[in-house]
Amino acid sequence: MAVKWTDLVDPSREELLHATTLALDPEAIETLVAAPGDGRDARPLIEGHGSYVLAVLSYPQVFPADDRVEYLELDLIATTTRVVTVRKTGRGGGLAPIDVLAARANGDLDAGVLVHAVVDDVADGFLGLLDGLYEEIDELEGHVDELSGSVVRRRMAELRHELLHGRRTASATRAAVRRIVAGRIDLSGPRLFSPAVEAAFVDTYETFVRVAEELDVARDLLASVRDYHQAKIAEGQNDIVKKLTVVASLVFVPSLIVGFYGQNFAEAFDEPYWSVGVSLGLIVVTTIAQLALFRWRRWI
């Protein structure tokens with residue numbers, strides 16, 4: 001039997017109830033008709049509600065030119081004869097893509113296959129997120145010596161935030177998919193997820209496992225960039241301290257000579273050789289000697 005698919009964008013309560021023709025739980029209705037946010041506040045879940053299955057998903061979309069990631073909320077209601085997708089407009093005006101679902105909905109497929117197509121497409125979106133974050137980390141690592149410290153710190157903070165949010169969202173979706181694989185989510189009547197569909201969800205589950213592991217690797221790579229940046233700062237501070245030490249050393253000896261000549265010893269410095277010329281000569285000679293020593297030791 002052909003499955004009817006309906007796609008809704010930012011629906012009202014009346015539009016949702018008319019499209020589903022189901023007695024939805026009040027909490028499910030509030031979730032589906034809630035005002036669009038930035039997609040980050042949506043908690044991914046897949047739940048069975050007796051006569052239907054509810055899914056709330058977040059689809060990550062990377063914008064490399066703007067150095068940002070946007071999460072687009074994609075929800076669905078599924079029964080054995082009907083699939084209703086609810087897409088919410090992101091802050092940038094984008095919508096989660098449903099090209100894969102549109103291509104499959106025209107065929108003679110059951111509703112479980114269509115649900116898997118949606119979830120699997122979200123998993124592919126997380127793989128795209130991984131590629132984008134890896135590129136951003138590589139770009140930051142390649143230009144860390146050229147960028148100012150404030151820019152580097154800002155980009156590291158942004159990337160760390162994206163990594164943590166991506167892992168949290170992917171882990172929540174993975175846990176929901178795991179419940180389907182274990183057979184703990186289905187309808188109370190005819191099965192929505194056949195054994196073949198559950199087997200297909202195993203591959204999707206493994207994709208989310210890989211995403212979580214790769215996000216941990218990306219976080220380690222970002223930590224190495226942070227350590228390099230901190231080592232670079234420490235090296236610069238050491239150079240400054242070394243230069244200040246050289247300057248202080250050059251000033252110290254002439255100050256000692258001048259202070260010694262300025263002591264009030266009665267008739268002690270009345271001899272001709274205790275003259276300004278001699279003290280000035282001592283200052284020049286000691287300064288040159290120190291500079292030669294510092295240069296020989298490669299301190300300057």
# chains A, B, ... in the order shown; residues from 1 in each chain; ligands from 1
>>> residues_around(residues="stretch 32-39 of chain A", least_positions_apart="2", cutoff="8 Å", atoms="only C-alpha atoms", output="PyMOL selection string")
chain A and resi 10-13+16+28-30+41-42+58+70-73+75+86+88-91
>>> select_by_dssp(residues="stretch 12-258 of chain A", states="strand (DSSP E or B)", output="PyMOL selection string")
chain A and resi 45-48+53-63+68-78+82-87
>>> write_last_selection(atoms="N, CA, C and O atoms", output="compact mmCIF listing (two decimals), in the first residue's frame")
# COMPACT_ATOMS: atom_id res chain seq x y z
N LEU A 45 15.20 13.20 19.48
CA LEU A 45 14.54 12.04 20.09
C LEU A 45 13.72 11.32 19.03
O LEU A 45 13.31 11.89 18.02
N ILE A 46 13.50 10.03 19.27
CA ILE A 46 12.58 9.20 18.48
C ILE A 46 11.78 8.38 19.48
O ILE A 46 12.36 7.61 20.25
N GLU A 47 10.46 8.57 19.48
CA GLU A 47 9.61 7.94 20.48
C GLU A 47 8.41 7.27 19.83
O GLU A 47 7.89 7.74 18.81
N GLY A 48 7.97 6.18 20.42
CA GLY A 48 6.75 5.53 19.99
C GLY A 48 5.58 5.99 20.85
O GLY A 48 5.70 6.02 22.08
N VAL A 53 4.78 7.23 15.49
CA VAL A 53 6.15 7.44 15.97
C VAL A 53 6.51 8.90 15.75
O VAL A 53 6.28 9.45 14.66
N LEU A 54 7.05 9.53 16.79
CA LEU A 54 7.45 10.93 16.73
C LEU A 54 8.97 11.01 16.72
O LEU A 54 9.64 10.34 17.52
N ALA A 55 9.51 11.81 15.82
CA ALA A 55 10.96 12.02 15.75
C ALA A 55 11.24 13.52 15.71
O ALA A 55 10.59 14.26 14.97
N VAL A 56 12.18 13.95 16.52
CA VAL A 56 12.67 15.34 16.51
C VAL A 56 14.17 15.26 16.21
O VAL A 56 14.93 14.66 16.99
N LEU A 57 14.58 15.84 15.10
CA LEU A 57 15.97 15.71 14.64
C LEU A 57 16.56 17.09 14.37
O LEU A 57 15.84 18.05 14.11
N SER A 58 17.87 17.17 14.45
CA SER A 58 18.60 18.39 14.12
C SER A 58 19.55 18.09 12.98
O SER A 58 20.39 17.18 13.07
N TYR A 59 19.41 18.86 11.91
CA TYR A 59 20.24 18.66 10.71
C TYR A 59 21.31 19.75 10.68
O TYR A 59 20.99 20.94 10.55
N PRO A 60 22.60 19.39 10.82
CA PRO A 60 23.66 20.40 10.78
C PRO A 60 24.00 20.82 9.36
O PRO A 60 24.08 19.99 8.46
N GLN A 61 24.19 22.11 9.19
CA GLN A 61 24.56 22.65 7.89
C GLN A 61 25.73 23.60 8.08
O GLN A 61 25.66 24.52 8.91
N VAL A 62 26.80 23.38 7.33
CA VAL A 62 28.04 24.15 7.50
C VAL A 62 28.10 25.24 6.43
O VAL A 62 27.81 24.99 5.26
N PHE A 63 28.51 26.43 6.87
CA PHE A 63 28.72 27.56 5.96
C PHE A 63 30.18 28.00 6.10
O PHE A 63 30.50 28.87 6.94
N ARG A 68 30.54 29.42 10.22
CA ARG A 68 29.47 29.14 11.17
C ARG A 68 28.76 27.84 10.80
O ARG A 68 28.88 27.35 9.67
N VAL A 69 28.08 27.29 11.78
CA VAL A 69 27.28 26.06 11.62
C VAL A 69 25.87 26.37 12.07
O VAL A 69 25.65 26.98 13.13
N GLU A 70 24.91 25.97 11.27
CA GLU A 70 23.50 26.18 11.61
C GLU A 70 22.82 24.82 11.73
O GLU A 70 23.04 23.93 10.92
N TYR A 71 22.02 24.68 12.78
CA TYR A 71 21.26 23.44 13.00
C TYR A 71 19.80 23.70 12.64
O TYR A 71 19.18 24.63 13.16
N LEU A 72 19.29 22.89 11.73
CA LEU A 72 17.93 23.05 11.22
C LEU A 72 17.06 21.92 11.78
O LEU A 72 17.40 20.74 11.66
N GLU A 73 15.96 22.29 12.40
CA GLU A 73 15.10 21.29 13.03
C GLU A 73 14.24 20.58 11.97
O GLU A 73 13.63 21.22 11.12
N LEU A 74 14.22 19.26 12.06
CA LEU A 74 13.44 18.42 11.15
C LEU A 74 12.69 17.39 11.99
O LEU A 74 13.32 16.51 12.59
N ASP A 75 11.37 17.50 12.05
CA ASP A 75 10.55 16.59 12.84
C ASP A 75 9.68 15.75 11.91
O ASP A 75 9.47 16.12 10.74
N LEU A 76 9.17 14.66 12.43
CA LEU A 76 8.25 13.85 11.61
C LEU A 76 7.31 13.05 12.49
O LEU A 76 7.63 12.71 13.64
N ILE A 77 6.16 12.76 11.92
CA ILE A 77 5.16 11.86 12.49
C ILE A 77 4.97 10.74 11.48
O ILE A 77 4.77 10.99 10.29
N ALA A 78 5.03 9.50 11.94
CA ALA A 78 4.94 8.36 11.02
C ALA A 78 3.97 7.32 11.54
O ALA A 78 3.98 6.96 12.73
N ARG A 82 1.11 6.80 6.65
CA ARG A 82 1.30 8.24 6.48
C ARG A 82 2.60 8.68 7.14
O ARG A 82 2.94 8.23 8.24
N VAL A 83 3.31 9.56 6.46
CA VAL A 83 4.51 10.20 7.01
C VAL A 83 4.36 11.70 6.83
O VAL A 83 4.13 12.19 5.72
N VAL A 84 4.46 12.43 7.92
CA VAL A 84 4.36 13.89 7.89
C VAL A 84 5.67 14.46 8.42
O VAL A 84 6.06 14.18 9.56
N THR A 85 6.35 15.23 7.59
CA THR A 85 7.57 15.89 8.01
C THR A 85 7.25 17.34 8.35
O THR A 85 6.46 18.00 7.67
N VAL A 86 7.87 17.82 9.41
CA VAL A 86 7.70 19.21 9.86
C VAL A 86 9.07 19.86 9.88
O VAL A 86 9.94 19.48 10.66
N ARG A 87 9.24 20.82 9.00
CA ARG A 87 10.51 21.55 8.92
C ARG A 87 10.32 22.96 9.45
O ARG A 87 9.32 23.62 9.15
>>> closest_residue(among="A:Val152, A:Ala65, A:Ala218, A:Val115", to="A:Asp131", atoms="only C-alpha atoms")
A:Ala218
>>> select_by_dssp(residues="stretch 108-212 of chain A", states="alpha helix (DSSP H)", output="PyMOL selection string")
chain A and resi 111-142+149-181+195-212
>>> write_last_selection(atoms="C-alpha atoms", output="compact mmCIF listing (two decimals), in the first residue's frame")
# COMPACT_ATOMS: atom_id res chain seq x y z
CA ALA A 111 6.73 4.17 5.96
CA GLY A 112 9.60 2.60 7.94
CA VAL A 113 11.90 2.91 4.93
CA LEU A 114 11.00 6.59 4.60
CA VAL A 115 11.70 7.21 8.28
CA HIS A 116 15.07 5.53 7.88
CA ALA A 117 15.79 7.71 4.85
CA VAL A 118 15.22 10.85 6.94
CA VAL A 119 17.38 9.69 9.86
CA ASP A 120 20.12 8.41 7.55
CA ASP A 121 20.18 11.76 5.74
CA VAL A 122 20.66 13.48 9.11
CA ALA A 123 23.60 11.14 9.77
CA ASP A 124 25.09 12.19 6.43
CA GLY A 125 24.63 15.80 7.54
CA PHE A 126 26.81 15.09 10.58
CA LEU A 127 29.48 13.61 8.31
CA GLY A 128 29.40 16.91 6.41
CA LEU A 129 29.74 18.71 9.75
CA LEU A 130 32.85 16.64 10.48
CA ASP A 131 34.44 17.58 7.15
CA GLY A 132 33.68 21.26 7.73
CA LEU A 133 35.12 21.28 11.25
CA TYR A 134 38.26 19.46 10.12
CA GLU A 135 38.77 22.06 7.40
CA GLU A 136 38.29 24.90 9.87
CA ILE A 137 40.81 23.38 12.30
CA ASP A 138 43.34 22.83 9.50
CA GLU A 139 42.88 26.42 8.34
CA LEU A 140 43.35 27.75 11.86
CA GLU A 141 46.45 25.60 12.36
CA GLY A 142 47.95 26.83 9.09
CA GLY A 149 46.06 36.33 19.53
CA SER A 150 42.50 37.62 19.99
CA VAL A 151 41.39 36.15 16.64
CA VAL A 152 42.98 32.78 17.40
CA ARG A 153 41.37 32.61 20.84
CA ARG A 154 37.98 33.56 19.44
CA ARG A 155 38.10 30.94 16.67
CA MET A 156 39.25 28.25 19.11
CA ALA A 157 36.38 29.08 21.45
CA GLU A 158 33.88 28.95 18.58
CA LEU A 159 35.22 25.64 17.26
CA ARG A 160 35.27 24.11 20.72
CA HIS A 161 31.64 25.15 21.20
CA GLU A 162 30.67 23.62 17.86
CA LEU A 163 32.49 20.38 18.67
CA LEU A 164 30.78 20.03 22.04
CA HIS A 165 27.33 20.82 20.67
CA GLY A 166 27.84 18.53 17.67
CA ARG A 167 28.88 15.64 19.88
CA ARG A 168 25.98 16.19 22.27
CA THR A 169 23.46 16.27 19.42
CA ALA A 170 24.98 13.29 17.62
CA SER A 171 25.05 11.26 20.85
CA ALA A 172 21.38 11.97 21.55
CA THR A 173 20.41 10.95 18.01
CA ARG A 174 22.59 7.84 18.24
CA ALA A 175 20.83 6.81 21.46
CA ALA A 176 17.44 7.18 19.75
CA VAL A 177 18.57 5.10 16.77
CA ARG A 178 19.91 2.46 19.16
CA ARG A 179 16.40 2.02 20.57
CA ILE A 180 15.07 1.30 17.07
CA VAL A 181 17.84 -1.22 16.44
CA PRO A 195 13.53 -6.51 10.38
CA ALA A 196 15.03 -5.23 7.12
CA VAL A 197 14.53 -1.62 8.20
CA GLU A 198 15.99 -2.32 11.64
CA ALA A 199 19.02 -3.85 9.91
CA ALA A 200 19.36 -0.67 7.83
CA PHE A 201 19.25 1.38 11.04
CA VAL A 202 22.30 -0.58 12.23
CA ASP A 203 24.39 1.13 9.53
CA THR A 204 22.96 4.51 10.56
CA TYR A 205 23.79 3.76 14.18
CA GLU A 206 27.38 2.92 13.24
CA THR A 207 27.58 6.20 11.35
CA PHE A 208 26.64 8.12 14.49
CA VAL A 209 29.19 6.11 16.48
CA ARG A 210 31.84 7.12 13.96
CA VAL A 211 30.70 10.75 14.14
CA ALA A 212 31.06 10.79 17.93
>>> atom_distance(atom1="atom CA of A:Phe193", atom2="atom CA of A:Val3")
13.9 Å
>>> atom_distance(atom1="atom CA of A:Arg297", atom2="atom CA of A:Asn238")
16.0 Å
>>> residues_around(residues="stretch 255-258 of chain A", least_positions_apart="2", cutoff="12 Å", atoms="only C-alpha atoms", output="PDB file with C-alpha atoms, in the first residue's frame")
ATOM      1  CA  ALA A 248      68.985  45.880  32.705  1.00  0.00           C
ATOM      2  CA  SER A 249      72.447  44.324  32.651  1.00  0.00           C
ATOM      3  CA  LEU A 250      73.781  47.020  30.340  1.00  0.00           C
ATOM      4  CA  VAL A 251      72.416  49.711  32.641  1.00  0.00           C
ATOM      5  CA  PHE A 252      73.568  48.059  35.858  1.00  0.00           C
ATOM      6  CA  VAL A 253      77.366  48.275  35.371  1.00  0.00           C
ATOM      7  CA  PHE A 260      81.023  54.500  43.026  1.00  0.00           C
ATOM      8  CA  TYR A 261      82.450  57.776  41.701  1.00  0.00           C
ATOM      9  CA  GLY A 262      79.692  59.706  43.395  1.00  0.00           C
ATOM     10  CA  GLN A 263      80.549  58.509  46.893  1.00  0.00           C
ATOM     11  CA  TRP A 274      90.100  59.770  38.875  1.00  0.00           C
ATOM     12  CA  SER A 275      88.488  61.930  36.262  1.00  0.00           C
ATOM     13  CA  VAL A 276      85.273  62.015  34.288  1.00  0.00           C
ATOM     14  CA  GLY A 277      87.147  60.687  31.273  1.00  0.00           C
ATOM     15  CA  VAL A 278      88.276  57.615  33.153  1.00  0.00           C
ATOM     16  CA  SER A 279      84.763  56.845  34.441  1.00  0.00           C
ATOM     17  CA  LEU A 280      83.303  57.421  31.002  1.00  0.00           C
ATOM     18  CA  GLY A 281      85.950  55.118  29.493  1.00  0.00           C
ATOM     19  CA  LEU A 282      85.112  52.403  32.008  1.00  0.00           C
ATOM     20  CA  ILE A 283      81.438  52.675  31.102  1.00  0.00           C
ATOM     21  CA  VAL A 284      82.166  52.359  27.362  1.00  0.00           C
ATOM     22  CA  VAL A 285      84.579  49.444  27.810  1.00  0.00           C
ATOM     23  CA  THR A 286      82.255  47.441  30.099  1.00  0.00           C
ATOM     24  CA  THR A 287      79.289  48.065  27.840  1.00  0.00           C
TER      25      THR A 287
END
>>> atom_distance(atom1="atom CA of A:Arg219", atom2="atom CA of A:Gly94")
27.5 Å
>>> closest_residue(among="A:Arg104, A:Arg298, A:Thr20, A:Ala223", to="A:Ala2", atoms="only C-alpha atoms")
A:Arg104
>>> decode(residues="stretch 168-180 of chain A", atoms="all heavy atoms", output="PDB file, in the first residue's frame")
ATOM      1  N   ARG A 168      27.169  16.380  21.447  1.00  0.00           N
ATOM      2  CA  ARG A 168      25.980  16.189  22.272  1.00  0.00           C
ATOM      3  C   ARG A 168      24.767  15.840  21.415  1.00  0.00           C
ATOM      4  O   ARG A 168      23.985  14.935  21.759  1.00  0.00           O
ATOM      5  CB  ARG A 168      25.730  17.462  23.077  1.00  0.00           C
ATOM      6  CG  ARG A 168      24.550  17.355  24.037  1.00  0.00           C
ATOM      7  CD  ARG A 168      24.547  18.504  25.035  1.00  0.00           C
ATOM      8  NE  ARG A 168      24.506  19.789  24.374  1.00  0.00           N
ATOM      9  CZ  ARG A 168      25.497  20.669  24.378  1.00  0.00           C
ATOM     10  NH1 ARG A 168      26.624  20.371  25.012  1.00  0.00           N
ATOM     11  NH2 ARG A 168      25.380  21.831  23.773  1.00  0.00           N
ATOM     12  N   THR A 169      24.605  16.532  20.296  1.00  0.00           N
ATOM     13  CA  THR A 169      23.457  16.272  19.423  1.00  0.00           C
ATOM     14  C   THR A 169      23.574  14.911  18.750  1.00  0.00           C
ATOM     15  O   THR A 169      22.604  14.155  18.662  1.00  0.00           O
ATOM     16  CB  THR A 169      23.351  17.381  18.357  1.00  0.00           C
ATOM     17  OG1 THR A 169      23.313  18.657  18.994  1.00  0.00           O
ATOM     18  CG2 THR A 169      22.107  17.210  17.521  1.00  0.00           C
ATOM     19  N   ALA A 170      24.783  14.578  18.274  1.00  0.00           N
ATOM     20  CA  ALA A 170      24.983  13.285  17.623  1.00  0.00           C
ATOM     21  C   ALA A 170      24.787  12.135  18.605  1.00  0.00           C
ATOM     22  O   ALA A 170      24.215  11.096  18.252  1.00  0.00           O
ATOM     23  CB  ALA A 170      26.382  13.216  17.016  1.00  0.00           C
ATOM     24  N   SER A 171      25.222  12.319  19.853  1.00  0.00           N
ATOM     25  CA  SER A 171      25.053  11.259  20.847  1.00  0.00           C
ATOM     26  C   SER A 171      23.588  11.027  21.179  1.00  0.00           C
ATOM     27  O   SER A 171      23.146   9.878  21.338  1.00  0.00           O
ATOM     28  CB  SER A 171      25.827  11.615  22.120  1.00  0.00           C
ATOM     29  OG  SER A 171      27.213  11.704  21.862  1.00  0.00           O
ATOM     30  N   ALA A 172      22.806  12.117  21.265  1.00  0.00           N
ATOM     31  CA  ALA A 172      21.382  11.972  21.550  1.00  0.00           C
ATOM     32  C   ALA A 172      20.671  11.264  20.394  1.00  0.00           C
ATOM     33  O   ALA A 172      19.814  10.388  20.617  1.00  0.00           O
ATOM     34  CB  ALA A 172      20.760  13.343  21.805  1.00  0.00           C
ATOM     35  N   THR A 173      21.021  11.610  19.164  1.00  0.00           N
ATOM     36  CA  THR A 173      20.411  10.947  18.010  1.00  0.00           C
ATOM     37  C   THR A 173      20.841   9.487  17.934  1.00  0.00           C
ATOM     38  O   THR A 173      20.038   8.604  17.610  1.00  0.00           O
ATOM     39  CB  THR A 173      20.800  11.672  16.718  1.00  0.00           C
ATOM     40  OG1 THR A 173      20.602  13.077  16.867  1.00  0.00           O
ATOM     41  CG2 THR A 173      19.961  11.183  15.549  1.00  0.00           C
ATOM     42  N   ARG A 174      22.103   9.224  18.246  1.00  0.00           N
ATOM     43  CA  ARG A 174      22.591   7.839  18.240  1.00  0.00           C
ATOM     44  C   ARG A 174      21.828   6.986  19.255  1.00  0.00           C
ATOM     45  O   ARG A 174      21.463   5.837  18.979  1.00  0.00           O
ATOM     46  CB  ARG A 174      24.082   7.823  18.567  1.00  0.00           C
ATOM     47  CG  ARG A 174      24.694   6.434  18.650  1.00  0.00           C
ATOM     48  CD  ARG A 174      26.123   6.507  19.168  1.00  0.00           C
ATOM     49  NE  ARG A 174      26.157   7.022  20.520  1.00  0.00           N
ATOM     50  CZ  ARG A 174      27.284   7.317  21.176  1.00  0.00           C
ATOM     51  NH1 ARG A 174      28.449   7.162  20.579  1.00  0.00           N
ATOM     52  NH2 ARG A 174      27.236   7.773  22.402  1.00  0.00           N
ATOM     53  N   ALA A 175      21.569   7.557  20.432  1.00  0.00           N
ATOM     54  CA  ALA A 175      20.833   6.810  21.458  1.00  0.00           C
ATOM     55  C   ALA A 175      19.412   6.482  20.979  1.00  0.00           C
ATOM     56  O   ALA A 175      18.898   5.382  21.234  1.00  0.00           O
ATOM     57  CB  ALA A 175      20.787   7.621  22.752  1.00  0.00           C
ATOM     58  N   ALA A 176      18.782   7.430  20.274  1.00  0.00           N
ATOM     59  CA  ALA A 176      17.440   7.180  19.755  1.00  0.00           C
ATOM     60  C   ALA A 176      17.457   6.084  18.690  1.00  0.00           C
ATOM     61  O   ALA A 176      16.582   5.204  18.663  1.00  0.00           O
ATOM     62  CB  ALA A 176      16.849   8.468  19.193  1.00  0.00           C
ATOM     63  N   VAL A 177      18.457   6.121  17.809  1.00  0.00           N
ATOM     64  CA  VAL A 177      18.574   5.099  16.773  1.00  0.00           C
ATOM     65  C   VAL A 177      18.849   3.732  17.398  1.00  0.00           C
ATOM     66  O   VAL A 177      18.353   2.700  16.920  1.00  0.00           O
ATOM     67  CB  VAL A 177      19.686   5.482  15.775  1.00  0.00           C
ATOM     68  CG1 VAL A 177      19.936   4.356  14.780  1.00  0.00           C
ATOM     69  CG2 VAL A 177      19.298   6.758  15.016  1.00  0.00           C
ATOM     70  N   ARG A 178      19.614   3.724  18.476  1.00  0.00           N
ATOM     71  CA  ARG A 178      19.910   2.456  19.158  1.00  0.00           C
ATOM     72  C   ARG A 178      18.633   1.794  19.665  1.00  0.00           C
ATOM     73  O   ARG A 178      18.515   0.562  19.657  1.00  0.00           O
ATOM     74  CB  ARG A 178      20.863   2.733  20.329  1.00  0.00           C
ATOM     75  CG  ARG A 178      21.255   1.481  21.119  1.00  0.00           C
ATOM     76  CD  ARG A 178      22.139   0.590  20.270  1.00  0.00           C
ATOM     77  NE  ARG A 178      22.527  -0.617  20.978  1.00  0.00           N
ATOM     78  CZ  ARG A 178      21.813  -1.727  21.029  1.00  0.00           C
ATOM     79  NH1 ARG A 178      20.644  -1.784  20.405  1.00  0.00           N
ATOM     80  NH2 ARG A 178      22.247  -2.777  21.683  1.00  0.00           N
ATOM     81  N   ARG A 179      17.669   2.590  20.091  1.00  0.00           N
ATOM     82  CA  ARG A 179      16.400   2.023  20.569  1.00  0.00           C
ATOM     83  C   ARG A 179      15.626   1.377  19.423  1.00  0.00           C
ATOM     84  O   ARG A 179      14.936   0.370  19.628  1.00  0.00           O
ATOM     85  CB  ARG A 179      15.569   3.119  21.229  1.00  0.00           C
ATOM     86  CG  ARG A 179      16.206   3.707  22.485  1.00  0.00           C
ATOM     87  CD  ARG A 179      15.336   4.802  23.064  1.00  0.00           C
ATOM     88  NE  ARG A 179      14.050   4.267  23.500  1.00  0.00           N
ATOM     89  CZ  ARG A 179      12.989   5.021  23.764  1.00  0.00           C
ATOM     90  NH1 ARG A 179      13.050   6.331  23.582  1.00  0.00           N
ATOM     91  NH2 ARG A 179      11.861   4.463  24.169  1.00  0.00           N
ATOM     92  N   ILE A 180      15.732   1.935  18.221  1.00  0.00           N
ATOM     93  CA  ILE A 180      15.069   1.303  17.070  1.00  0.00           C
ATOM     94  C   ILE A 180      15.747  -0.020  16.738  1.00  0.00           C
ATOM     95  O   ILE A 180      15.091  -1.035  16.474  1.00  0.00           O
ATOM     96  CB  ILE A 180      15.090   2.248  15.862  1.00  0.00           C
ATOM     97  CG1 ILE A 180      14.266   3.506  16.142  1.00  0.00           C
ATOM     98  CG2 ILE A 180      14.552   1.549  14.616  1.00  0.00           C
ATOM     99  CD1 ILE A 180      14.285   4.522  15.017  1.00  0.00           C
TER     100      ILE A 180
END
